[in-house]
Amino acid sequence: MNKKVIFIKLKNMVCTRIEYFEESFDSFINGEVGINYYNFPMDQDTSYISELEDGDEYYFFASVYDYDQENNGIVFIKSFLGVGKFSLNNKSLKITTKYNSNENTMLRSLRELSALNINEDFAEGEYVTIEESEYLFNQIDFILNDVYVCEKTNRSYDTIDSEENLHPFAQRNEYCRRQYNFRKPQQNRGEFQRDYERIVHSKAFRRMVDKAQVFSASKGDYYRTRMTHSQAVAQIARGIASELNLNLVLTEAIALGHDIGHTPFGHQGERTLNDILNNKIKIIKNCNLFSDHFGGFKHNYQSVRVASQLEEQYFEIEGMDLSYQTLEGMLKHTKLKREEYKLDEFIKDDNAENELYFDNDFCSTLEGQIVAVADEIAQRGHDLDDALSSGIMSLDDFKKNMTFKKVQSLEEKIEALTNEMSNANNLHRKFSDVNELMNSRIVSTIIAYFINDVIVASKERIENYSADSFRDNGFTVDEKLIDFSEEALKVSQFLETIITNNVINSPEIALFDNNGATIVNSLFKAYYNDPRLLHKGTQRRIYVETRRFTQNVVDFEFGNHAVIRDEIQKITKADLENQDEIPLELYDEYFTKRRILVRNICDFISGMTDTYAINEYRRIEKQL
């Protein structure tokens, strides 16, 4: 395609050639092979034809205009965009009109970008002028051609030797299911190994190194981040999976990927975003009209969105095309709360609910169930460790809480540690930091207690589960088989209560949460009021997502400044219920544009590290 653009002016109610473009558009819409020509007027100067190459195709931009007598100026009525094949012999364009619309922001943006002036850029009596601009060409090209979507490839996967001796209920390579299957299988490289590698090499995974777990990273390198938490979950999950002879690679892939959708500033970040979407924090105009609250925000759902849409690693697809087994495990590592969140905002797949067994609260694979319980074990141990090390909770305070009967089995193990310490002292064993060592041994004991309990309790449930059910359910389970015993579950719930009462509700964590909420709130408000503050990559994503449902799209990066400002005003500030501001025929369009903007702001903020969010907050606040 030649990158010159042919501009054609068509006088309203005078130029008979308007109907050629209209007929061409009707043929295009109806899928017909109609042939229409625009013949260059021979009664006028046609020297511009020398700029065209015989047989080449060009984009054309034909505008229907009239004179506004009251304002003594030009008014544009409608425009046509399409492709024209130039014939030198006939002095004509064989036209295919692909777009026909009354004046709108996209057409205005293109016209302003080209600085086109009907009176000055066409010589007297001329109807055609030709411009060459890569920006203009690229925007017309984007508008006229649908955004590529990779089609699903049906593949079958072979058995692999390394999985030969796994438990009958383990996931195997041949069970793998994906949204696209765009990569061919490789010998000796299992599909779940592929998932593991894609996650480890993703940007979202790397960012977890600077996302807080409970304590701010500014408190010191010792305290856990989302990255170190995920690594601990993977280690715990691998230990359980190994004892139960399940698929270790799939288990680790789920464990390492389960938190890639987490926000900066721990759970406070996701709570703040969800409050904004639910209009508890009033930023979004007409938020009440979005009855599904834009899909809501919860980090496990966002992990699926990151993996299936936001992470870009391949030319062919958005996302990483992880197996549904991995995605389901990531989604179900915590509660679904299906009534509050809309799955189709997080994965664009019509069959996602079935593939992810969305009706079940628990994971359909034992490997996914392992990660869910491993996440609980890691949180019980590590949040306590951070609390003891920070001084928010003393060791004596913790021991006092362990005198209740419901935790007697664990208290006995902790008391044994005290005896071991006394014996070591009697042997004159010297320690550099007695308290740190004791904290470490207590946390290790707690984690071991839960791991051993889960293994024993789960083995019994697995033994009682029917092999026929596993096969009939498509090599999945329809019961929760991996879990604590009733006794250990009570202990886990009790420890969670202790941590919440003494740590999560402490003044130090309250201050951290308050600061995090302030930063997330301020960033969202700034980005919503002026989307040009967003990262260029996010602006491009908004541009692409908007194009998927309408051709009336304005490029925030390369479009005309005045048009962008007006478009932003409509998307963010216009009252959708007021037809004087948004006509009824444009309601659905701007409703969807607002939805796309809001969702992408959530994506951008949730992808930030703590440090980046703080720096971005300072940068924007300084400018404002």
# chains A, B, ... in the order shown; residues from 1 in each chain; ligands from 1
call {"tool": "select_by_dssp", "arguments": {"residues": "range 331-389 of chain A", "states": "helix (DSSP H, G or I)", "output": "ChimeraX atom specification"}}
result
/A:331,343-345,352-355,366-389
call {"tool": "write_last_selection", "arguments": {"atoms": "N, CA, C and O atoms", "output": "compact mmCIF listing (two decimals), in the first residue's frame"}}
result
# COMPACT_ATOMS: atom_id res chain seq x y z
N LEU A 331 -6.82 -18.32 39.74
CA LEU A 331 -8.09 -17.66 40.07
C LEU A 331 -8.63 -18.12 41.42
O LEU A 331 -9.14 -17.31 42.20
N LEU A 343 -16.51 -12.16 35.51
CA LEU A 343 -15.39 -12.90 34.93
C LEU A 343 -15.02 -12.43 33.53
O LEU A 343 -13.84 -12.36 33.19
N ASP A 344 -16.01 -12.07 32.71
CA ASP A 344 -15.69 -11.74 31.32
C ASP A 344 -14.95 -10.41 31.17
O ASP A 344 -14.51 -10.05 30.08
N GLU A 345 -14.79 -9.66 32.26
CA GLU A 345 -13.91 -8.49 32.22
C GLU A 345 -12.44 -8.90 32.33
O GLU A 345 -11.55 -8.11 32.02
N ALA A 352 -15.02 -19.44 28.91
CA ALA A 352 -14.15 -19.37 30.09
C ALA A 352 -14.80 -19.95 31.34
O ALA A 352 -14.15 -20.63 32.13
N GLU A 353 -16.09 -19.69 31.53
CA GLU A 353 -16.75 -20.19 32.75
C GLU A 353 -16.69 -21.71 32.81
O GLU A 353 -16.48 -22.28 33.89
N ASN A 354 -16.87 -22.36 31.68
CA ASN A 354 -16.80 -23.83 31.65
C ASN A 354 -15.37 -24.31 31.83
O ASN A 354 -15.10 -25.25 32.60
N GLU A 355 -14.43 -23.68 31.12
CA GLU A 355 -13.04 -24.12 31.16
C GLU A 355 -12.43 -23.93 32.55
O GLU A 355 -11.54 -24.69 32.96
N LEU A 366 -6.17 -31.20 41.56
CA LEU A 366 -5.58 -31.32 42.90
C LEU A 366 -4.41 -30.38 43.05
O LEU A 366 -4.14 -29.86 44.15
N GLU A 367 -3.69 -30.13 41.96
CA GLU A 367 -2.54 -29.21 42.02
C GLU A 367 -3.00 -27.80 42.36
O GLU A 367 -2.36 -27.10 43.16
N GLY A 368 -4.13 -27.38 41.79
CA GLY A 368 -4.67 -26.06 42.12
C GLY A 368 -5.16 -26.00 43.55
O GLY A 368 -4.99 -24.98 44.24
N GLN A 369 -5.76 -27.07 44.03
CA GLN A 369 -6.21 -27.12 45.43
C GLN A 369 -5.02 -27.04 46.38
O GLN A 369 -5.11 -26.42 47.46
N ILE A 370 -3.91 -27.65 46.00
CA ILE A 370 -2.70 -27.60 46.83
C ILE A 370 -2.23 -26.16 46.99
O ILE A 370 -1.88 -25.72 48.09
N VAL A 371 -2.20 -25.41 45.90
CA VAL A 371 -1.71 -24.03 45.97
C VAL A 371 -2.61 -23.18 46.87
O VAL A 371 -2.12 -22.34 47.63
N ALA A 372 -3.91 -23.40 46.81
CA ALA A 372 -4.83 -22.63 47.65
C ALA A 372 -4.52 -22.84 49.13
O ALA A 372 -4.48 -21.88 49.92
N VAL A 373 -4.29 -24.10 49.53
CA VAL A 373 -4.00 -24.37 50.94
C VAL A 373 -2.58 -23.95 51.28
O VAL A 373 -2.31 -23.48 52.41
N ALA A 374 -1.65 -24.06 50.33
CA ALA A 374 -0.27 -23.62 50.57
C ALA A 374 -0.21 -22.11 50.79
O ALA A 374 0.59 -21.62 51.59
N ASP A 375 -1.06 -21.38 50.08
CA ASP A 375 -1.14 -19.93 50.27
C ASP A 375 -1.58 -19.60 51.69
O ASP A 375 -1.04 -18.68 52.33
N GLU A 376 -2.54 -20.35 52.21
CA GLU A 376 -3.00 -20.14 53.58
C GLU A 376 -1.88 -20.45 54.58
O GLU A 376 -1.65 -19.71 55.54
N ILE A 377 -1.18 -21.54 54.35
CA ILE A 377 -0.10 -21.93 55.26
C ILE A 377 0.99 -20.86 55.26
O ILE A 377 1.49 -20.46 56.34
N ALA A 378 1.37 -20.39 54.07
CA ALA A 378 2.42 -19.38 53.98
C ALA A 378 2.00 -18.10 54.71
O ALA A 378 2.81 -17.50 55.43
N GLN A 379 0.77 -17.70 54.54
CA GLN A 379 0.31 -16.48 55.20
C GLN A 379 0.31 -16.63 56.72
O GLN A 379 0.71 -15.70 57.44
N ARG A 380 -0.15 -17.78 57.22
CA ARG A 380 -0.17 -17.97 58.66
C ARG A 380 1.24 -17.86 59.23
O ARG A 380 1.47 -17.23 60.26
N GLY A 381 2.20 -18.50 58.56
CA GLY A 381 3.56 -18.49 59.08
C GLY A 381 4.28 -17.18 58.88
O GLY A 381 4.88 -16.63 59.81
N HIS A 382 4.22 -16.64 57.69
CA HIS A 382 5.07 -15.50 57.36
C HIS A 382 4.55 -14.18 57.90
O HIS A 382 5.35 -13.30 58.26
N ASP A 383 3.23 -14.04 57.95
CA ASP A 383 2.70 -12.82 58.55
C ASP A 383 3.05 -12.78 60.04
O ASP A 383 3.35 -11.71 60.61
N LEU A 384 3.02 -13.95 60.68
CA LEU A 384 3.42 -14.03 62.09
C LEU A 384 4.90 -13.71 62.24
O LEU A 384 5.30 -12.97 63.15
N ASP A 385 5.71 -14.24 61.36
CA ASP A 385 7.15 -13.99 61.40
C ASP A 385 7.44 -12.50 61.28
O ASP A 385 8.23 -11.93 62.05
N ASP A 386 6.80 -11.84 60.32
CA ASP A 386 7.00 -10.40 60.14
C ASP A 386 6.52 -9.64 61.37
O ASP A 386 7.13 -8.64 61.78
N ALA A 387 5.42 -10.10 61.98
CA ALA A 387 4.89 -9.41 63.16
C ALA A 387 5.85 -9.53 64.34
O ALA A 387 6.10 -8.55 65.05
N LEU A 388 6.41 -10.72 64.55
CA LEU A 388 7.35 -10.92 65.65
C LEU A 388 8.64 -10.14 65.41
O LEU A 388 9.20 -9.52 66.32
N SER A 389 9.13 -10.16 64.18
CA SER A 389 10.39 -9.48 63.87
C SER A 389 10.27 -7.97 63.95
O SER A 389 11.21 -7.28 64.30
call {"tool": "residues_around", "arguments": {"residues": "Asp158 in chain A", "least_positions_apart": "5", "cutoff": "9 Å", "atoms": "only C-alpha atoms", "output": "MDAnalysis selection string"}}
result
chainID A and resid 173:175 185 190
call {"tool": "residues_around", "arguments": {"residues": "Pro507 in chain A", "least_positions_apart": "6", "cutoff": "12 Å", "atoms": "only C-alpha atoms", "output": "list of chain:residue names"}}
result
A:Phe215, A:Ile392, A:Asn501, A:Asp513, A:Asn514
call {"tool": "write_last_selection", "arguments": {"atoms": "N, CA and C atoms", "output": "mmCIF file, in the first residue's frame"}}
result
data_model
loop_
_atom_site.group_PDB
_atom_site.id
_atom_site.type_symbol
_atom_site.label_atom_id
_atom_site.label_comp_id
_atom_site.auth_asym_id
_atom_site.auth_seq_id
_atom_site.Cartn_x
_atom_site.Cartn_y
_atom_site.Cartn_z
ATOM 1 N N PHE A 215 3.913 -5.557 55.252
ATOM 2 C CA PHE A 215 4.721 -4.415 55.646
ATOM 3 C C PHE A 215 5.299 -3.723 54.417
ATOM 4 N N ILE A 392 5.728 -5.671 66.499
ATOM 5 C CA ILE A 392 4.310 -5.381 66.681
ATOM 6 C C ILE A 392 3.688 -6.387 67.648
ATOM 7 N N ASN A 501 -5.911 -9.225 64.594
ATOM 8 C CA ASN A 501 -6.099 -8.365 65.767
ATOM 9 C C ASN A 501 -4.834 -7.619 66.170
ATOM 10 N N ASP A 513 -1.477 1.334 55.275
ATOM 11 C CA ASP A 513 -2.670 1.174 54.449
ATOM 12 C C ASP A 513 -3.255 2.532 54.063
ATOM 13 N N ASN A 514 -3.271 3.454 55.016
ATOM 14 C CA ASN A 514 -3.818 4.780 54.739
ATOM 15 C C ASN A 514 -3.005 5.487 53.667
#
call {"tool": "closest_residue", "arguments": {"among": "A:Val233, A:Ile143, A:Leu310, A:Val454", "to": "Arg541 in chain A", "atoms": "only C-alpha atoms"}}
result
A:Leu310
call {"tool": "residues_around", "arguments": {"residues": "Pro531 in chain A", "least_positions_apart": "5", "cutoff": "8 Å", "atoms": "only C-alpha atoms", "output": "MDAnalysis selection string"}}
result
chainID A and resid 526 539 568 597
call {"tool": "write_last_selection", "arguments": {"atoms": "all heavy atoms", "output": "short mmCIF file (atom, residue, chain, number, x, y, z; two decimals), in the first residue's frame"}}
result
data_model
loop_
_atom_site.label_atom_id
_atom_site.label_comp_id
_atom_site.auth_asym_id
_atom_site.auth_seq_id
_atom_site.Cartn_x
_atom_site.Cartn_y
_atom_site.Cartn_z
N ALA A 526 -6.21 11.39 39.08
CA ALA A 526 -5.41 12.14 38.11
C ALA A 526 -5.51 11.52 36.72
O ALA A 526 -5.69 12.24 35.71
CB ALA A 526 -3.95 12.18 38.56
N GLN A 539 -2.06 4.05 26.98
CA GLN A 539 -2.82 4.83 26.01
C GLN A 539 -3.04 4.04 24.72
O GLN A 539 -4.14 4.06 24.14
CB GLN A 539 -2.09 6.14 25.70
CG GLN A 539 -2.08 7.13 26.85
CD GLN A 539 -1.49 8.47 26.45
OE1 GLN A 539 -1.66 8.92 25.31
NE2 GLN A 539 -0.80 9.12 27.37
N ILE A 568 -11.69 13.55 25.42
CA ILE A 568 -11.50 13.21 26.82
C ILE A 568 -12.62 13.78 27.68
O ILE A 568 -13.13 13.12 28.60
CB ILE A 568 -10.12 13.71 27.31
CG1 ILE A 568 -9.01 12.85 26.71
CG2 ILE A 568 -10.04 13.70 28.84
CD1 ILE A 568 -7.60 13.36 27.02
N LEU A 597 -11.68 2.99 29.49
CA LEU A 597 -10.72 3.87 30.19
C LEU A 597 -10.57 3.45 31.65
O LEU A 597 -9.44 3.30 32.14
CB LEU A 597 -11.20 5.32 30.11
CG LEU A 597 -10.38 6.32 30.95
CD1 LEU A 597 -8.95 6.41 30.45
CD2 LEU A 597 -11.05 7.69 30.97
#
call {"tool": "select_by_dssp", "arguments": {"residues": "range 35-86 of chain A", "states": "strand (DSSP E)", "output": "ChimeraX atom specification"}}
result
/A:36-39,57-68,73-86
call {"tool": "write_last_selection", "arguments": {"atoms": "N, CA, C and O atoms", "output": "CSV table (one decimal), in the first residue's frame"}}
result
chain,number,residue,atom,x,y,z
A,36,ASN,N,-17.0,0.5,-8.3
A,36,ASN,CA,-17.3,1.9,-8.5
A,36,ASN,C,-16.1,2.7,-8.7
A,36,ASN,O,-15.0,2.3,-8.3
A,37,TYR,N,-16.2,3.7,-9.5
A,37,TYR,CA,-15.0,4.5,-9.9
A,37,TYR,C,-15.3,6.0,-9.5
A,37,TYR,O,-16.4,6.5,-9.6
A,38,TYR,N,-14.2,6.6,-9.1
A,38,TYR,CA,-14.2,8.1,-9.0
A,38,TYR,C,-13.3,8.6,-10.1
A,38,TYR,O,-12.0,8.3,-10.1
A,39,ASN,N,-13.9,9.3,-11.1
A,39,ASN,CA,-13.1,9.8,-12.2
A,39,ASN,C,-12.6,11.2,-11.9
A,39,ASN,O,-13.4,12.1,-11.5
A,57,GLU,N,-2.4,1.2,-5.0
A,57,GLU,CA,-3.6,1.4,-4.2
A,57,GLU,C,-3.2,2.5,-3.1
A,57,GLU,O,-2.1,2.5,-2.6
A,58,TYR,N,-4.2,3.4,-2.9
A,58,TYR,CA,-4.0,4.5,-2.0
A,58,TYR,C,-5.3,4.6,-1.0
A,58,TYR,O,-6.4,4.2,-1.5
A,59,TYR,N,-5.0,5.0,0.2
A,59,TYR,CA,-6.2,5.4,1.0
A,59,TYR,C,-6.7,6.7,0.5
A,59,TYR,O,-6.0,7.6,0.2
A,60,PHE,N,-8.0,6.8,0.5
A,60,PHE,CA,-8.6,8.1,0.2
A,60,PHE,C,-9.5,8.6,1.4
A,60,PHE,O,-10.0,7.8,2.2
A,61,PHE,N,-9.6,9.9,1.5
A,61,PHE,CA,-10.4,10.6,2.5
A,61,PHE,C,-11.3,11.6,1.8
A,61,PHE,O,-10.8,12.7,1.4
A,62,ALA,N,-12.5,11.3,1.5
A,62,ALA,CA,-13.4,12.1,0.8
A,62,ALA,C,-14.4,12.8,1.7
A,62,ALA,O,-15.1,12.1,2.5
A,63,SER,N,-14.4,14.1,1.7
A,63,SER,CA,-15.3,14.9,2.7
A,63,SER,C,-16.3,15.7,1.9
A,63,SER,O,-16.1,16.4,1.0
A,64,VAL,N,-17.6,15.5,2.4
A,64,VAL,CA,-18.7,16.3,1.9
A,64,VAL,C,-18.8,17.5,2.8
A,64,VAL,O,-19.0,17.4,4.0
A,65,TYR,N,-18.8,18.7,2.1
A,65,TYR,CA,-18.8,19.9,2.8
A,65,TYR,C,-19.9,20.9,2.3
A,65,TYR,O,-20.4,20.7,1.2
A,66,ASP,N,-20.1,21.9,3.1
A,66,ASP,CA,-21.0,23.0,2.6
A,66,ASP,C,-20.6,24.3,3.3
A,66,ASP,O,-19.7,24.3,4.1
A,67,TYR,N,-21.2,25.4,2.8
A,67,TYR,CA,-20.8,26.7,3.4
A,67,TYR,C,-21.9,27.0,4.5
A,67,TYR,O,-23.1,26.9,4.3
A,68,ASP,N,-21.4,27.4,5.6
A,68,ASP,CA,-22.2,27.9,6.7
A,68,ASP,C,-22.4,29.4,6.6
A,68,ASP,O,-21.5,30.2,6.9
A,73,GLY,N,-18.3,30.3,7.2
A,73,GLY,CA,-17.3,29.3,7.2
A,73,GLY,C,-17.7,28.0,6.5
A,73,GLY,O,-18.8,27.8,6.0
A,74,ILE,N,-16.8,27.0,6.7
A,74,ILE,CA,-17.0,25.7,6.1
A,74,ILE,C,-17.6,24.7,7.2
A,74,ILE,O,-17.2,24.8,8.3
A,75,VAL,N,-18.6,23.9,6.8
A,75,VAL,CA,-19.1,22.9,7.7
A,75,VAL,C,-19.0,21.6,7.0
A,75,VAL,O,-19.4,21.5,5.8
A,76,PHE,N,-18.5,20.5,7.7
A,76,PHE,CA,-18.4,19.2,7.1
A,76,PHE,C,-19.6,18.4,7.4
A,76,PHE,O,-20.0,18.3,8.6
A,77,ILE,N,-20.2,17.8,6.4
A,77,ILE,CA,-21.5,17.0,6.6
A,77,ILE,C,-21.2,15.6,6.9
A,77,ILE,O,-21.7,15.0,7.9
A,78,LYS,N,-20.4,15.0,6.1
A,78,LYS,CA,-20.0,13.5,6.3
A,78,LYS,C,-18.7,13.3,5.5
A,78,LYS,O,-18.2,14.1,4.7
A,79,SER,N,-18.2,12.1,5.7
A,79,SER,CA,-16.9,11.7,5.0
A,79,SER,C,-16.9,10.2,4.7
A,79,SER,O,-17.7,9.4,5.3
A,80,PHE,N,-16.1,9.9,3.7
A,80,PHE,CA,-15.9,8.5,3.3
A,80,PHE,C,-14.4,8.2,3.4
A,80,PHE,O,-13.5,9.0,3.0
A,81,LEU,N,-14.1,7.0,3.9
A,81,LEU,CA,-12.7,6.5,3.9
A,81,LEU,C,-12.7,5.2,3.2
A,81,LEU,O,-13.6,4.4,3.3
A,82,GLY,N,-11.6,4.9,2.5
A,82,GLY,CA,-11.5,3.7,1.8
A,82,GLY,C,-10.2,3.5,1.0
A,82,GLY,O,-9.2,4.3,1.2
A,83,VAL,N,-10.2,2.6,0.1
A,83,VAL,CA,-9.0,2.3,-0.7
A,83,VAL,C,-9.4,2.5,-2.2
A,83,VAL,O,-10.5,2.1,-2.7
A,84,GLY,N,-8.5,3.2,-2.9
A,84,GLY,CA,-8.7,3.4,-4.3
A,84,GLY,C,-7.5,2.9,-5.1
A,84,GLY,O,-6.3,3.2,-4.8
A,85,LYS,N,-7.7,2.2,-6.2
A,85,LYS,CA,-6.7,1.7,-7.1
A,85,LYS,C,-6.6,2.6,-8.3
A,85,LYS,O,-7.6,2.8,-9.0
A,86,PHE,N,-5.4,3.3,-8.5
A,86,PHE,CA,-5.3,4.3,-9.5
A,86,PHE,C,-5.1,3.7,-10.9
A,86,PHE,O,-4.3,2.8,-11.1
call {"tool": "atom_distance", "arguments": {"atom1": "CA of Gly391 in chain A", "atom2": "CA of Lys406 in chain A"}}
result
25.6 Å
call {"tool": "atom_distance", "arguments": {"atom1": "CA of Ile236 in chain A", "atom2": "CA of Phe450 in chain A"}}
result
9.9 Å
call {"tool": "closest_residue", "arguments": {"among": "A:Ser202, A:Ser522, A:Ser109, A:Asn464", "to": "Glu312 in chain A", "atoms": "only C-alpha atoms"}}
result
A:Ser202
call {"tool": "closest_residue", "arguments": {"among": "A:Glu460, A:Glu311, A:Glu411, A:Asp292", "to": "Lys342 in chain A", "atoms": "only C-alpha atoms"}}
result
A:Asp292
call {"tool": "closest_atom_pairs", "arguments": {"of": "range 282-344 of chain A", "to": "range 578-589 of chain A", "cutoff": "12 Å", "atoms": "only C-alpha atoms", "output": "JSON lines"}}
result
{"residue": "A:Asn286", "atom": "CA", "partner": "A:Asn578", "partner_atom": "CA", "distance": 10.7}
{"residue": "A:Leu289", "atom": "CA", "partner": "A:Tyr587", "partner_atom": "CA", "distance": 11.5}
{"residue": "A:Phe290", "atom": "CA", "partner": "A:Asp588", "partner_atom": "CA", "distance": 11.9}
call {"tool": "atom_distance", "arguments": {"atom1": "CA of Leu110 in chain A", "atom2": "CA of Leu136 in chain A"}}
result
6.9 Å
call {"tool": "residues_around", "arguments": {"residues": "Glu557 in chain A", "least_positions_apart": "4", "cutoff": "9 Å", "atoms": "only C-alpha atoms", "output": "list in words"}}
result
Arg532, Lys536, Gln539, Arg540 and Ile564 of chain A
call {"tool": "residues_around", "arguments": {"residues": "Thr159 in chain A", "least_positions_apart": "4", "cutoff": "12 Å", "atoms": "only C-alpha atoms", "output": "short mmCIF file (atom, residue, chain, number, x, y, z; two decimals) with all heavy atoms, in the first residue's frame"}}
result
data_model
loop_
_atom_site.label_atom_id
_atom_site.label_comp_id
_atom_site.auth_asym_id
_atom_site.auth_seq_id
_atom_site.Cartn_x
_atom_site.Cartn_y
_atom_site.Cartn_z
N GLU A 163 6.05 -37.96 33.47
CA GLU A 163 4.79 -38.00 34.21
C GLU A 163 4.23 -39.42 34.33
O GLU A 163 3.13 -39.62 34.85
CB GLU A 163 3.75 -37.11 33.51
CG GLU A 163 4.13 -35.63 33.50
CD GLU A 163 3.15 -34.78 32.72
OE1 GLU A 163 2.27 -35.34 32.02
OE2 GLU A 163 3.27 -33.54 32.78
N GLU A 164 5.00 -40.39 33.89
CA GLU A 164 4.50 -41.76 33.79
C GLU A 164 4.07 -42.33 35.13
O GLU A 164 3.07 -43.06 35.23
CB GLU A 164 5.59 -42.65 33.18
CG GLU A 164 5.15 -44.09 32.95
CD GLU A 164 6.24 -44.92 32.30
OE1 GLU A 164 7.25 -44.34 31.86
OE2 GLU A 164 6.08 -46.16 32.24
N ASN A 165 4.79 -41.98 36.21
CA ASN A 165 4.54 -42.61 37.51
C ASN A 165 3.75 -41.72 38.47
O ASN A 165 3.72 -41.98 39.67
CB ASN A 165 5.87 -43.01 38.16
CG ASN A 165 6.60 -44.07 37.35
OD1 ASN A 165 5.98 -45.02 36.85
ND2 ASN A 165 7.92 -43.91 37.20
N LEU A 166 3.12 -40.67 37.96
CA LEU A 166 2.33 -39.81 38.81
C LEU A 166 1.07 -40.52 39.31
O LEU A 166 0.63 -41.52 38.74
CB LEU A 166 1.93 -38.54 38.05
CG LEU A 166 3.04 -37.55 37.70
CD1 LEU A 166 2.47 -36.37 36.91
CD2 LEU A 166 3.75 -37.05 38.95
N GLN A 171 -2.63 -34.17 37.19
CA GLN A 171 -2.76 -33.62 35.84
C GLN A 171 -1.56 -34.06 35.00
O GLN A 171 -0.44 -34.11 35.47
CB GLN A 171 -2.84 -32.10 35.88
CG GLN A 171 -4.13 -31.57 36.45
CD GLN A 171 -5.33 -31.97 35.61
OE1 GLN A 171 -5.44 -31.61 34.45
NE2 GLN A 171 -6.25 -32.74 36.22
N ARG A 172 -1.84 -34.35 33.74
CA ARG A 172 -0.79 -34.81 32.83
C ARG A 172 -0.78 -33.95 31.57
O ARG A 172 -1.75 -33.26 31.26
CB ARG A 172 -1.04 -36.28 32.46
CG ARG A 172 -0.71 -37.24 33.60
CD ARG A 172 -1.16 -38.65 33.26
NE ARG A 172 -0.51 -39.63 34.14
CZ ARG A 172 -0.86 -39.87 35.40
NH1 ARG A 172 -1.86 -39.19 35.93
NH2 ARG A 172 -0.23 -40.77 36.12
N ASN A 173 0.31 -34.04 30.86
CA ASN A 173 0.51 -33.23 29.67
C ASN A 173 -0.64 -33.36 28.68
O ASN A 173 -1.10 -32.38 28.09
CB ASN A 173 1.83 -33.63 29.00
CG ASN A 173 2.31 -32.61 28.00
OD1 ASN A 173 2.62 -31.49 28.36
ND2 ASN A 173 2.37 -33.00 26.73
N GLU A 174 -1.14 -34.58 28.50
CA GLU A 174 -2.19 -34.80 27.50
C GLU A 174 -3.53 -34.20 27.91
O GLU A 174 -4.44 -34.09 27.09
CB GLU A 174 -2.36 -36.30 27.23
CG GLU A 174 -2.74 -37.14 28.44
CD GLU A 174 -1.53 -37.75 29.15
OE1 GLU A 174 -0.47 -37.10 29.14
OE2 GLU A 174 -1.67 -38.86 29.69
N TYR A 175 -3.67 -33.78 29.17
CA TYR A 175 -4.91 -33.14 29.61
C TYR A 175 -4.91 -31.63 29.37
O TYR A 175 -5.94 -30.96 29.57
CB TYR A 175 -5.15 -33.35 31.11
CG TYR A 175 -5.17 -34.78 31.59
CD1 TYR A 175 -4.98 -35.08 32.95
CD2 TYR A 175 -5.38 -35.85 30.73
CE1 TYR A 175 -4.99 -36.38 33.41
CE2 TYR A 175 -5.39 -37.16 31.18
CZ TYR A 175 -5.19 -37.43 32.53
OH TYR A 175 -5.20 -38.72 32.99
N CYS A 176 -3.78 -31.09 28.95
CA CYS A 176 -3.62 -29.63 28.85
C CYS A 176 -4.68 -29.02 27.93
O CYS A 176 -4.96 -29.52 26.85
CB CYS A 176 -2.23 -29.29 28.34
SG CYS A 176 -1.95 -27.51 28.14
N PRO A 185 3.59 -28.30 20.17
CA PRO A 185 4.27 -29.01 21.26
C PRO A 185 5.73 -29.26 20.90
O PRO A 185 6.10 -29.36 19.73
CB PRO A 185 3.50 -30.33 21.36
CG PRO A 185 2.20 -30.09 20.67
CD PRO A 185 2.45 -29.07 19.62
N GLN A 186 6.55 -29.35 21.94
CA GLN A 186 7.97 -29.65 21.76
C GLN A 186 8.30 -30.94 22.49
O GLN A 186 7.81 -31.18 23.60
CB GLN A 186 8.85 -28.51 22.30
CG GLN A 186 8.74 -27.23 21.49
CD GLN A 186 9.62 -26.13 22.05
OE1 GLN A 186 10.08 -26.20 23.19
NE2 GLN A 186 9.88 -25.11 21.25
N GLN A 187 9.13 -31.73 21.87
CA GLN A 187 9.51 -33.00 22.48
C GLN A 187 10.28 -32.76 23.77
O GLN A 187 11.14 -31.89 23.84
CB GLN A 187 10.39 -33.81 21.50
CG GLN A 187 10.63 -35.24 21.94
CD GLN A 187 11.37 -36.03 20.86
OE1 GLN A 187 11.80 -35.47 19.86
NE2 GLN A 187 11.51 -37.33 21.08
N ASN A 188 9.93 -33.50 24.80
CA ASN A 188 10.60 -33.45 26.11
C ASN A 188 10.40 -32.12 26.85
O ASN A 188 11.10 -31.84 27.82
CB ASN A 188 12.10 -33.73 25.97
CG ASN A 188 12.37 -35.10 25.40
OD1 ASN A 188 11.68 -36.06 25.72
ND2 ASN A 188 13.37 -35.19 24.52
N ARG A 189 9.46 -31.31 26.38
CA ARG A 189 9.13 -30.07 27.10
C ARG A 189 7.61 -30.05 27.30
O ARG A 189 6.85 -29.80 26.38
CB ARG A 189 9.56 -28.84 26.30
CG ARG A 189 9.34 -27.52 27.06
CD ARG A 189 9.60 -26.34 26.14
NE ARG A 189 9.45 -25.07 26.82
CZ ARG A 189 9.15 -23.93 26.20
NH1 ARG A 189 8.97 -23.91 24.89
NH2 ARG A 189 9.03 -22.81 26.87
N GLY A 190 7.20 -30.35 28.53
CA GLY A 190 5.78 -30.45 28.81
C GLY A 190 5.07 -29.11 28.75
O GLY A 190 5.69 -28.04 28.86
N GLU A 191 3.77 -29.15 28.58
CA GLU A 191 2.99 -27.92 28.46
C GLU A 191 2.93 -27.14 29.77
O GLU A 191 2.92 -25.91 29.77
CB GLU A 191 1.58 -28.25 27.99
CG GLU A 191 1.52 -28.76 26.56
CD GLU A 191 2.18 -27.80 25.58
OE1 GLU A 191 1.79 -26.61 25.54
OE2 GLU A 191 3.09 -28.23 24.85
#
